[in-house]
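The next block is query_38.cif, given as mmCIF, C-alpha atoms.
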```
data_query
loop_
_atom_site.label_atom_id
_atom_site.label_comp_id
_atom_site.auth_asym_id
_atom_site.auth_seq_id
_atom_site.Cartn_x
_atom_site.Cartn_y
_atom_site.Cartn_z
CA MET C 20 23.94 -22.31 -27.51
CA GLU C 21 20.26 -21.68 -26.97
CA LEU C 22 18.86 -22.31 -23.49
CA SER C 23 15.31 -23.59 -23.33
CA THR C 24 12.90 -22.10 -20.81
CA PRO C 25 11.88 -24.75 -18.27
CA ALA C 26 8.21 -25.56 -17.95
CA PHE C 27 6.48 -23.72 -15.12
CA ASP C 28 5.35 -25.79 -12.17
CA TYR C 29 3.43 -23.97 -9.44
CA ALA C 30 4.23 -26.49 -6.69
CA ARG C 31 7.98 -26.34 -7.35
CA ALA C 32 8.04 -22.57 -7.92
CA PHE C 33 6.62 -21.86 -4.47
CA SER C 34 7.85 -24.94 -2.63
CA ARG C 35 10.12 -22.87 -0.37
CA ASN C 36 7.02 -21.25 1.16
CA ILE C 37 6.12 -24.64 2.64
CA GLY C 38 7.03 -24.76 6.30
CA TRP C 39 5.77 -21.26 6.95
CA VAL C 40 2.54 -22.32 5.25
CA THR C 41 1.18 -25.82 4.78
CA ALA C 42 0.65 -27.39 1.37
CA ALA C 43 -3.11 -26.98 1.88
CA GLU C 44 -2.64 -23.28 2.74
CA GLN C 45 -0.48 -22.78 -0.35
CA ALA C 46 -3.29 -24.23 -2.46
CA LEU C 47 -5.70 -21.84 -0.75
CA LEU C 48 -3.47 -18.84 -1.54
CA ARG C 49 -3.45 -19.96 -5.17
CA SER C 50 -7.25 -19.66 -5.22
CA LYS C 51 -7.32 -16.10 -3.86
CA ARG C 52 -7.79 -12.82 -5.75
CA VAL C 53 -6.13 -9.61 -4.52
CA ALA C 54 -6.89 -6.10 -5.79
CA VAL C 55 -4.15 -3.45 -5.91
CA ALA C 56 -4.80 0.11 -7.06
CA GLY C 57 -1.70 2.18 -7.79
CA LEU C 58 1.39 0.37 -9.06
CA GLY C 59 4.07 2.92 -8.23
CA GLY C 60 6.09 3.28 -5.03
CA VAL C 61 4.56 0.42 -3.07
CA GLY C 62 1.88 -1.02 -5.35
CA GLY C 63 4.19 -2.66 -7.88
CA LEU C 64 6.24 -4.19 -5.08
CA HIS C 65 3.07 -5.49 -3.42
CA VAL C 66 2.07 -7.30 -6.62
CA LEU C 67 5.47 -8.98 -6.96
CA THR C 68 5.62 -9.95 -3.28
CA LEU C 69 2.13 -11.43 -3.40
CA THR C 70 2.93 -13.21 -6.65
CA ARG C 71 5.92 -14.86 -4.96
CA LEU C 72 3.63 -15.79 -2.07
CA GLY C 73 1.63 -17.76 -4.62
CA ILE C 74 -1.51 -15.64 -4.98
CA GLY C 75 -3.28 -16.85 -8.13
CA ALA C 76 -5.30 -13.85 -9.34
CA PHE C 77 -5.16 -10.06 -9.28
CA ASN C 78 -7.25 -7.03 -10.17
CA LEU C 79 -4.74 -4.24 -10.92
CA ALA C 80 -5.36 -0.56 -11.66
CA ASP C 81 -3.04 2.27 -12.71
CA HIS C 82 -3.25 4.97 -15.40
CA ASP C 83 0.30 6.32 -15.06
CA VAL C 84 3.60 5.75 -16.91
CA PHE C 85 7.12 5.37 -15.53
CA GLU C 86 9.33 8.48 -15.34
CA LEU C 87 12.89 9.18 -14.23
CA PRO C 88 11.91 10.48 -10.74
CA ASN C 89 10.41 7.03 -10.03
CA PHE C 90 13.87 5.38 -10.08
CA ASN C 91 14.60 5.76 -6.36
CA ARG C 92 11.78 3.47 -5.23
CA GLN C 93 9.49 1.91 -7.85
CA ALA C 94 9.86 -1.75 -8.77
CA GLY C 95 9.28 -1.38 -12.52
CA ALA C 96 11.20 1.87 -13.06
CA ALA C 97 14.22 1.48 -15.37
CA LEU C 98 15.66 3.12 -18.46
CA ASP C 99 13.86 0.68 -20.74
CA THR C 100 10.47 1.31 -19.09
CA ILE C 101 10.42 5.12 -19.17
CA GLY C 102 7.17 6.14 -20.83
CA ARG C 103 5.65 2.68 -20.53
CA CYS C 104 2.42 2.03 -18.63
CA LYS C 105 2.99 0.90 -15.05
CA LEU C 106 0.12 -1.55 -15.40
CA GLU C 107 1.63 -3.21 -18.46
CA VAL C 108 5.12 -3.47 -16.95
CA THR C 109 3.80 -4.82 -13.64
CA ILE C 110 1.74 -7.50 -15.38
CA GLU C 111 4.77 -8.56 -17.43
CA SER C 112 6.94 -8.76 -14.30
CA ALA C 113 4.35 -10.75 -12.37
CA ARG C 114 3.73 -13.20 -15.22
CA ALA C 115 7.48 -13.69 -15.58
CA ILE C 116 7.26 -15.17 -12.06
CA ASN C 117 3.97 -17.03 -12.52
CA PRO C 118 2.75 -17.28 -16.13
CA GLU C 119 -0.47 -18.89 -14.90
CA LEU C 120 -1.66 -15.74 -13.13
CA GLU C 121 -5.20 -14.57 -13.89
CA ILE C 122 -5.08 -10.78 -14.07
CA ARG C 123 -7.75 -8.18 -14.77
CA GLY C 124 -6.16 -4.87 -15.68
CA PHE C 125 -7.71 -1.40 -15.37
CA ALA C 126 -5.68 1.01 -17.51
CA ASP C 127 -7.77 4.06 -16.53
CA GLY C 128 -6.91 3.56 -12.88
CA VAL C 129 -9.67 3.05 -10.36
CA THR C 130 -12.68 5.30 -10.91
CA ALA C 131 -16.28 5.59 -9.79
CA GLY C 132 -17.24 4.06 -13.14
CA ASN C 133 -15.17 0.88 -12.85
CA LEU C 134 -15.06 0.45 -9.06
CA GLY C 135 -17.62 -2.34 -8.97
CA GLU C 136 -15.75 -4.37 -11.57
CA PHE C 137 -12.40 -3.62 -9.94
CA LEU C 138 -13.56 -5.09 -6.63
CA ARG C 139 -15.53 -8.01 -8.11
CA ASN C 140 -14.67 -11.35 -6.44
CA VAL C 141 -11.83 -9.77 -4.48
CA ASP C 142 -10.68 -11.38 -1.21
CA VAL C 143 -8.53 -8.48 0.02
CA TYR C 144 -7.62 -5.00 -1.23
CA VAL C 145 -4.03 -3.75 -0.79
CA ASP C 146 -3.72 0.02 -1.13
CA GLY C 147 -1.01 1.30 -3.47
CA LEU C 148 -2.53 4.62 -4.43
CA ASP C 149 -0.43 7.77 -4.49
CA PHE C 150 -0.45 9.64 -1.19
CA PHE C 151 -2.37 12.52 -2.78
CA ALA C 152 -5.02 10.38 -4.60
CA PHE C 153 -7.70 11.61 -2.21
CA GLU C 154 -10.91 10.96 -4.15
CA ALA C 155 -9.82 7.56 -5.47
CA ARG C 156 -8.80 6.45 -1.98
CA ARG C 157 -12.04 7.72 -0.46
CA ILE C 158 -14.30 5.81 -2.87
CA VAL C 159 -12.25 2.60 -2.81
CA PHE C 160 -12.15 2.38 0.97
CA ALA C 161 -15.86 3.21 1.26
CA GLU C 162 -16.82 0.53 -1.26
CA CYS C 163 -14.57 -2.03 0.41
CA SER C 164 -16.34 -1.30 3.68
CA ARG C 165 -19.73 -1.72 2.02
CA LEU C 166 -18.69 -5.01 0.39
CA ARG C 167 -16.95 -6.22 3.57
CA ILE C 168 -13.58 -6.54 1.82
CA PRO C 169 -10.55 -6.31 4.17
CA VAL C 170 -8.19 -3.42 3.36
CA ILE C 171 -4.45 -3.24 4.02
CA THR C 172 -2.62 0.07 3.77
CA VAL C 173 1.09 0.39 4.58
CA ALA C 174 2.60 3.84 4.07
CA PRO C 175 6.30 4.46 3.32
CA LEU C 176 7.36 7.22 5.71
CA GLY C 177 10.97 8.33 5.92
CA MET C 178 12.93 5.08 6.17
CA GLY C 179 10.13 3.12 7.74
CA ALA C 180 6.58 1.90 7.29
CA ALA C 181 3.23 2.52 9.00
CA LEU C 182 0.44 -0.08 8.91
CA LEU C 183 -3.32 0.35 9.23
CA ASN C 184 -5.86 -2.36 8.44
CA PHE C 185 -9.55 -1.68 7.92
CA LEU C 186 -11.54 -4.86 8.50
CA PRO C 187 -15.22 -5.66 7.90
CA GLY C 188 -17.44 -4.53 10.75
CA ARG C 189 -14.71 -2.47 12.37
CA MET C 190 -13.79 1.22 12.25
CA THR C 191 -14.03 2.63 8.71
CA PHE C 192 -11.58 4.83 6.82
CA GLU C 193 -13.80 7.92 7.21
CA GLU C 194 -14.45 7.26 10.90
CA TYR C 195 -10.68 7.12 11.46
CA PHE C 196 -9.30 9.89 9.20
CA ARG C 197 -12.31 12.29 9.31
CA TRP C 198 -11.92 13.73 5.81
CA GLU C 199 -15.51 14.93 5.36
CA GLY C 200 -15.63 18.65 4.59
CA CYS C 201 -11.81 19.09 4.57
CA SER C 202 -9.67 20.88 2.00
CA GLU C 203 -7.11 18.73 0.17
CA ASP C 204 -4.29 20.24 2.24
CA GLU C 205 -6.12 19.27 5.42
CA MET C 206 -6.82 15.78 4.02
CA ALA C 207 -3.10 15.34 3.35
CA LEU C 208 -2.24 16.41 6.88
CA ARG C 209 -4.87 14.18 8.47
CA PHE C 210 -3.78 11.25 6.33
CA LEU C 211 -0.13 11.68 7.32
CA VAL C 212 -0.79 12.04 11.04
CA GLY C 213 -3.46 9.36 11.02
CA LEU C 214 -1.11 6.88 9.38
CA SER C 215 1.70 7.57 11.83
CA PRO C 216 0.44 8.85 15.21
CA ALA C 217 3.89 8.12 16.67
CA MET C 218 5.54 10.24 13.92
CA LEU C 219 8.80 8.28 14.25
CA GLN C 220 10.02 9.72 10.93
CA ARG C 221 9.73 13.33 12.09
CA GLY C 222 13.10 13.66 13.81
CA TYR C 223 15.44 13.10 10.85
CA LEU C 224 13.88 15.05 7.98
CA VAL C 225 16.90 17.13 6.98
CA ASP C 226 15.28 19.36 4.34
CA ARG C 227 11.72 20.44 5.08
CA SER C 228 11.50 22.31 1.75
CA ALA C 229 11.13 18.88 0.09
CA VAL C 230 7.68 18.59 1.70
CA ASP C 231 5.18 20.68 -0.24
CA LEU C 232 1.57 19.60 0.28
CA ALA C 233 0.23 22.33 -2.01
CA ALA C 234 2.42 21.09 -4.87
CA ARG C 235 1.57 17.45 -4.02
CA ARG C 236 5.22 16.62 -3.49
CA GLY C 237 7.17 14.83 -0.78
CA PRO C 238 10.43 12.91 -0.35
CA SER C 239 10.61 9.11 -0.43
CA THR C 240 13.08 6.23 -0.06
CA GLY C 241 13.31 2.79 -1.60
CA MET C 242 14.01 1.27 1.82
CA ALA C 243 10.63 2.41 3.12
CA CYS C 244 8.83 0.89 0.14
CA GLN C 245 10.61 -2.44 0.60
CA LEU C 246 9.66 -2.52 4.28
CA CYS C 247 6.05 -1.75 3.35
CA THR C 248 5.73 -4.68 0.99
CA GLY C 249 7.06 -7.16 3.53
CA ILE C 250 4.48 -5.97 6.04
CA ALA C 251 1.62 -5.90 3.53
CA GLY C 252 2.43 -9.40 2.29
CA THR C 253 2.42 -10.73 5.84
CA GLU C 254 -0.89 -9.06 6.66
CA ALA C 255 -2.42 -10.44 3.45
CA LEU C 256 -1.24 -13.95 4.36
CA LYS C 257 -2.82 -13.72 7.82
CA ILE C 258 -6.11 -12.37 6.51
CA LEU C 259 -6.39 -14.82 3.60
CA LEU C 260 -5.47 -17.87 5.68
CA GLY C 261 -7.41 -16.76 8.75
CA ARG C 262 -4.54 -17.22 11.18
CA GLY C 263 -2.27 -14.92 13.15
CA ARG C 264 -3.27 -11.73 14.92
CA VAL C 265 -4.48 -8.94 12.66
CA LEU C 266 -4.74 -5.47 14.19
CA ALA C 267 -7.42 -3.15 12.84
CA ALA C 268 -7.90 0.62 13.07
CA PRO C 269 -7.82 2.41 15.47
CA TRP C 270 -4.81 0.17 16.20
CA GLY C 271 -1.74 0.67 14.02
CA ILE C 272 1.94 -0.18 13.86
CA GLN C 273 4.89 1.93 12.76
CA TYR C 274 8.45 0.67 12.34
CA ASP C 275 11.32 3.02 11.56
CA ALA C 276 14.59 1.43 10.46
CA TYR C 277 16.58 4.67 10.73
CA ARG C 278 15.67 5.15 14.37
CA CYS C 279 15.63 1.42 15.19
CA LYS C 280 12.22 1.91 16.77
CA ALA C 281 8.80 0.34 16.56
CA ALA C 282 5.54 1.67 17.97
CA ARG C 283 2.09 0.15 18.35
CA THR C 284 -0.43 2.96 18.28
CA TRP C 285 -4.04 3.17 19.46
CA ARG C 286 -6.16 6.17 18.57
CA PRO C 287 -9.81 5.57 19.53
CA TRP C 288 -12.01 8.02 17.57
CA GLY C 289 -9.15 8.34 15.07
CA ASN C 290 -8.29 11.93 14.24
CA ARG C 291 -10.90 13.12 16.75
CA ASN C 292 -8.79 11.69 19.56
CA PRO C 293 -7.51 14.56 21.80
CA LEU C 294 -3.91 13.37 21.51
CA GLN C 295 -4.29 13.18 17.74
CA GLN C 296 -5.75 16.70 17.70
CA LEU C 297 -2.64 17.92 19.49
CA THR C 298 -0.37 16.14 16.99
CA LEU C 299 -2.29 17.69 14.11
CA ALA C 300 -1.91 21.15 15.62
CA VAL C 301 1.85 20.69 15.96
CA ALA C 302 2.10 19.41 12.38
CA ARG C 303 0.15 22.41 11.04
CA ARG C 304 2.46 24.79 12.88
CA GLU C 305 5.57 23.07 11.54
CA LEU C 306 4.29 23.18 7.97
CA ARG C 307 3.60 26.91 8.27
CA ARG C 308 7.11 27.56 9.57
CA PRO C 309 9.47 28.63 6.73
CA ALA C 310 12.08 26.03 5.80
CA ARG C 311 15.69 26.96 6.42
CA ALA C 312 17.70 27.98 3.41
#
```

Rewrite the coordinates I just gave you, this time as structure tokens.
Amino acid sequence: MELSTPAFDYARAFSRNIGWVTAAEQALLRSKRVAVAGLGGVGGLHVLTLTRLGIGAFNLADHDVFELPNFNRQAGAALDTIGRCKLEVTIESARAINPELEIRGFADGVTAGNLGEFLRNVDVYVDGLDFFAFEARRIVFAECSRLRIPVITVAPLGMGAALLNFLPGRMTFEEYFRWEGCSEDEMALRFLVGLSPAMLQRGYLVDRSAVDLAARRGPSTGMACQLCTGIAGTEALKILLGRGRVLAAPWGIQYDAYRCKAARTWRPWGNRNPLQQLTLAVARRELRRPARA
């Protein structure tokens, strides 16, 4: 017996959001466009979470394909998607939820050449770039600041998540992380410590050899990515609807499920903060220390 596919109805599909948002707010979310660059560990999950929130349009960028090492955390990674473009798979998954989505895809990833088009008519940018995508992240955040586009970045760290928002007229990415003139290894270190000044994840890393900044490699968990997307979706809702408190850098939040701890952090002057300088020095020393066999 063949089963017919029911007709899509936006109001019914997202009716269970009503109560936490009003019908008028749901209609407003439908009119919004969100940009996401990087559709791997957290980016693909962000797109699906925001689709289920009822966002009506996306600008999506990723040049990569799915591989077996993506299986532990990435939404679109499965045996039947190995070798397929993350952008293509993510668009299919999102449109399977809402076939009315308006999506602009950027199969070359986000670059200096397509940045203007990628951010055209965008209401908020949600960062999904790989941890080590230094140049792409630098240009996207700088252009968002110039265009006054709010930015949400939630990093999966250990078995938790660390949130930083960069809002129009407030502290910028460069003012906080201080990447200018740094080597890529130093950028990675400053990004890690800047994202998580409380370093809640530090105490339970059981194999330090898995962290290799020079090889652009680090451990990850699916739990952290799932926590990230819940936080990012909530921040996007607050920003797009203009209600609820939204913290901006130098304020941040880190929640660690393994340690059952949450921390609200405040680092005025970002990585120039004396306490942050001390944390960076400790992190450099630990990375230089040989890992135990």

For Gly132 of chain C, which residue out of C:Val159, C:Gly237, C:Ser34, C:Leu58 is the nearest one, using all atoms listed in the file?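 Answer, going by the shortest atom-to-atom distance: C:Val159.
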
Explicit residues for the PyMOL selection byres ((chain C and resi 196) around 10) (as a compact mmCIF listing (two decimals) with C-alpha atoms, keeping the file's coordinate frame):
```
# COMPACT_ATOMS: atom_id res chain seq x y z
CA THR C 191 -14.03 2.63 8.71
CA PHE C 192 -11.58 4.83 6.82
CA GLU C 193 -13.80 7.92 7.21
CA GLU C 194 -14.45 7.26 10.90
CA TYR C 195 -10.68 7.12 11.46
CA ARG C 197 -12.31 12.29 9.31
CA TRP C 198 -11.92 13.73 5.81
CA GLU C 199 -15.51 14.93 5.36
CA MET C 206 -6.82 15.78 4.02
CA LEU C 208 -2.24 16.41 6.88
CA ARG C 209 -4.87 14.18 8.47
CA PHE C 210 -3.78 11.25 6.33
CA LEU C 211 -0.13 11.68 7.32
CA VAL C 212 -0.79 12.04 11.04
CA GLY C 213 -3.46 9.36 11.02
CA LEU C 214 -1.11 6.88 9.38
CA PRO C 269 -7.82 2.41 15.47
CA TRP C 288 -12.01 8.02 17.57
CA GLY C 289 -9.15 8.34 15.07
CA ASN C 290 -8.29 11.93 14.24
CA ARG C 291 -10.90 13.12 16.75
```

Set the distance at 7 Å and use all atoms listed in the file: which residues neighbour segment 97-112 of chain C once local chain neighbours fewer than 3 positions away are removed? I'd like the list as a list in words. Leu58, Gly63, Ala80, Asp81, Asp83, Val84, Phe85, Glu86, Leu87, Phe90, Ala115, Ile116 and Ala126 of chain C

Given the PyMOL selection byres ((chain C and resi 160) around 12), the residues it picks as a count of residues only: 40

Please put the answer as JSON: centre and edge lengths, in Å with one decimal, of a box along x, y and z that encloses all listed atoms of segment 41-55 of chain C plus 3 Å on each side.
```
{"center_x": -3.3, "center_y": -15.4, "center_z": -0.6, "size_x": 15.0, "size_y": 29.9, "size_z": 16.7}
```

Excluding segment 219-230 of chain C and its own-chain neighbours fewer than 5 positions away, which residues fall within 10 Å of it when counting all atoms listed in the file? Please give them as JSON, numbers by chain. {"C": [175, 176, 177, 178, 179, 180, 181, 235, 236, 237, 238, 239, 273, 274, 275, 276, 277, 278, 279, 280, 281, 282, 302, 305, 306, 308, 309, 310, 311, 312]}

Please write the residues picked by the PyMOL selection byres ((chain C and resi 251) around 9) on this file as a ChimeraX atom specification. /C:65,68-69,145,171-173,182,246-250,252-256

Counting all atoms listed in the file, the option among C:Val53, C:Leu120, C:Val61, C:Ala243 closest to Tyr29 of chain C: C:Leu120

Because the input lacks atoms here, generate N, CA and C atoms for segment 253-278 of chain C and report them as a PDB file, keeping the file's coordinate frame.
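Contents of rebuild08.pdb, as written:
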```pdb
ATOM      1  N   THR C 253       2.690  -9.964   4.619  1.00  0.00           N
ATOM      2  CA  THR C 253       2.420 -10.730   5.840  1.00  0.00           C
ATOM      3  C   THR C 253       0.989 -10.554   6.306  1.00  0.00           C
ATOM      4  N   GLU C 254       0.501  -9.308   6.267  1.00  0.00           N
ATOM      5  CA  GLU C 254      -0.890  -9.060   6.660  1.00  0.00           C
ATOM      6  C   GLU C 254      -1.862  -9.767   5.718  1.00  0.00           C
ATOM      7  N   ALA C 255      -1.555  -9.758   4.419  1.00  0.00           N
ATOM      8  CA  ALA C 255      -2.420 -10.440   3.450  1.00  0.00           C
ATOM      9  C   ALA C 255      -2.451 -11.942   3.736  1.00  0.00           C
ATOM     10  N   LEU C 256      -1.290 -12.520   4.027  1.00  0.00           N
ATOM     11  CA  LEU C 256      -1.240 -13.950   4.360  1.00  0.00           C
ATOM     12  C   LEU C 256      -2.134 -14.260   5.554  1.00  0.00           C
ATOM     13  N   LYS C 257      -2.033 -13.469   6.610  1.00  0.00           N
ATOM     14  CA  LYS C 257      -2.820 -13.720   7.820  1.00  0.00           C
ATOM     15  C   LYS C 257      -4.322 -13.595   7.547  1.00  0.00           C
ATOM     16  N   ILE C 258      -4.693 -12.575   6.807  1.00  0.00           N
ATOM     17  CA  ILE C 258      -6.110 -12.370   6.510  1.00  0.00           C
ATOM     18  C   ILE C 258      -6.645 -13.485   5.616  1.00  0.00           C
ATOM     19  N   LEU C 259      -5.911 -13.833   4.563  1.00  0.00           N
ATOM     20  CA  LEU C 259      -6.390 -14.820   3.600  1.00  0.00           C
ATOM     21  C   LEU C 259      -6.427 -16.232   4.178  1.00  0.00           C
ATOM     22  N   LEU C 260      -5.499 -16.536   5.080  1.00  0.00           N
ATOM     23  CA  LEU C 260      -5.470 -17.870   5.680  1.00  0.00           C
ATOM     24  C   LEU C 260      -6.235 -17.934   6.992  1.00  0.00           C
ATOM     25  N   GLY C 261      -6.640 -16.778   7.514  1.00  0.00           N
ATOM     26  CA  GLY C 261      -7.410 -16.760   8.750  1.00  0.00           C
ATOM     27  C   GLY C 261      -6.618 -17.214   9.957  1.00  0.00           C
ATOM     28  N   ARG C 262      -5.340 -16.891  10.002  1.00  0.00           N
ATOM     29  CA  ARG C 262      -4.540 -17.220  11.180  1.00  0.00           C
ATOM     30  C   ARG C 262      -3.539 -16.109  11.464  1.00  0.00           C
ATOM     31  N   GLY C 263      -3.154 -16.006  12.740  1.00  0.00           N
ATOM     32  CA  GLY C 263      -2.270 -14.920  13.150  1.00  0.00           C
ATOM     33  C   GLY C 263      -3.085 -13.707  13.540  1.00  0.00           C
ATOM     34  N   ARG C 264      -2.554 -12.904  14.444  1.00  0.00           N
ATOM     35  CA  ARG C 264      -3.270 -11.730  14.920  1.00  0.00           C
ATOM     36  C   ARG C 264      -3.223 -10.611  13.890  1.00  0.00           C
ATOM     37  N   VAL C 265      -4.374 -10.048  13.604  1.00  0.00           N
ATOM     38  CA  VAL C 265      -4.480  -8.940  12.660  1.00  0.00           C
ATOM     39  C   VAL C 265      -5.051  -7.735  13.401  1.00  0.00           C
ATOM     40  N   LEU C 266      -4.260  -6.693  13.557  1.00  0.00           N
ATOM     41  CA  LEU C 266      -4.740  -5.470  14.190  1.00  0.00           C
ATOM     42  C   LEU C 266      -5.554  -4.657  13.201  1.00  0.00           C
ATOM     43  N   ALA C 267      -6.577  -3.994  13.688  1.00  0.00           N
ATOM     44  CA  ALA C 267      -7.420  -3.150  12.840  1.00  0.00           C
ATOM     45  C   ALA C 267      -7.513  -1.761  13.448  1.00  0.00           C
ATOM     46  N   ALA C 268      -7.709  -0.749  12.588  1.00  0.00           N
ATOM     47  CA  ALA C 268      -7.900   0.620  13.070  1.00  0.00           C
ATOM     48  C   ALA C 268      -9.021   0.616  14.120  1.00  0.00           C
ATOM     49  N   PRO C 269      -8.803   1.336  15.236  1.00  0.00           N
ATOM     50  CA  PRO C 269      -7.820   2.410  15.470  1.00  0.00           C
ATOM     51  C   PRO C 269      -6.440   1.955  15.939  1.00  0.00           C
ATOM     52  N   TRP C 270      -6.157   0.645  15.902  1.00  0.00           N
ATOM     53  CA  TRP C 270      -4.810   0.170  16.200  1.00  0.00           C
ATOM     54  C   TRP C 270      -3.945   0.273  14.954  1.00  0.00           C
ATOM     55  N   GLY C 271      -2.686   0.621  15.128  1.00  0.00           N
ATOM     56  CA  GLY C 271      -1.740   0.670  14.020  1.00  0.00           C
ATOM     57  C   GLY C 271      -0.349   0.328  14.500  1.00  0.00           C
ATOM     58  N   ILE C 272       0.542   0.131  13.549  1.00  0.00           N
ATOM     59  CA  ILE C 272       1.940  -0.180  13.860  1.00  0.00           C
ATOM     60  C   ILE C 272       2.841   0.669  12.969  1.00  0.00           C
ATOM     61  N   GLN C 273       3.883   1.241  13.549  1.00  0.00           N
ATOM     62  CA  GLN C 273       4.890   1.930  12.760  1.00  0.00           C
ATOM     63  C   GLN C 273       6.262   1.400  13.143  1.00  0.00           C
ATOM     64  N   TYR C 274       7.060   1.083  12.118  1.00  0.00           N
ATOM     65  CA  TYR C 274       8.450   0.670  12.340  1.00  0.00           C
ATOM     66  C   TYR C 274       9.352   1.602  11.551  1.00  0.00           C
ATOM     67  N   ASP C 275      10.382   2.110  12.210  1.00  0.00           N
ATOM     68  CA  ASP C 275      11.320   3.020  11.560  1.00  0.00           C
ATOM     69  C   ASP C 275      12.730   2.442  11.642  1.00  0.00           C
ATOM     70  N   ALA C 276      13.273   2.057  10.486  1.00  0.00           N
ATOM     71  CA  ALA C 276      14.590   1.430  10.460  1.00  0.00           C
ATOM     72  C   ALA C 276      15.702   2.407  10.806  1.00  0.00           C
ATOM     73  N   TYR C 277      15.543   3.677  10.433  1.00  0.00           N
ATOM     74  CA  TYR C 277      16.580   4.670  10.730  1.00  0.00           C
ATOM     75  C   TYR C 277      16.743   4.864  12.227  1.00  0.00           C
ATOM     76  N   ARG C 278      15.626   4.913  12.927  1.00  0.00           N
ATOM     77  CA  ARG C 278      15.670   5.150  14.370  1.00  0.00           C
ATOM     78  C   ARG C 278      15.706   3.864  15.183  1.00  0.00           C
TER      79      ARG C 278
END
```
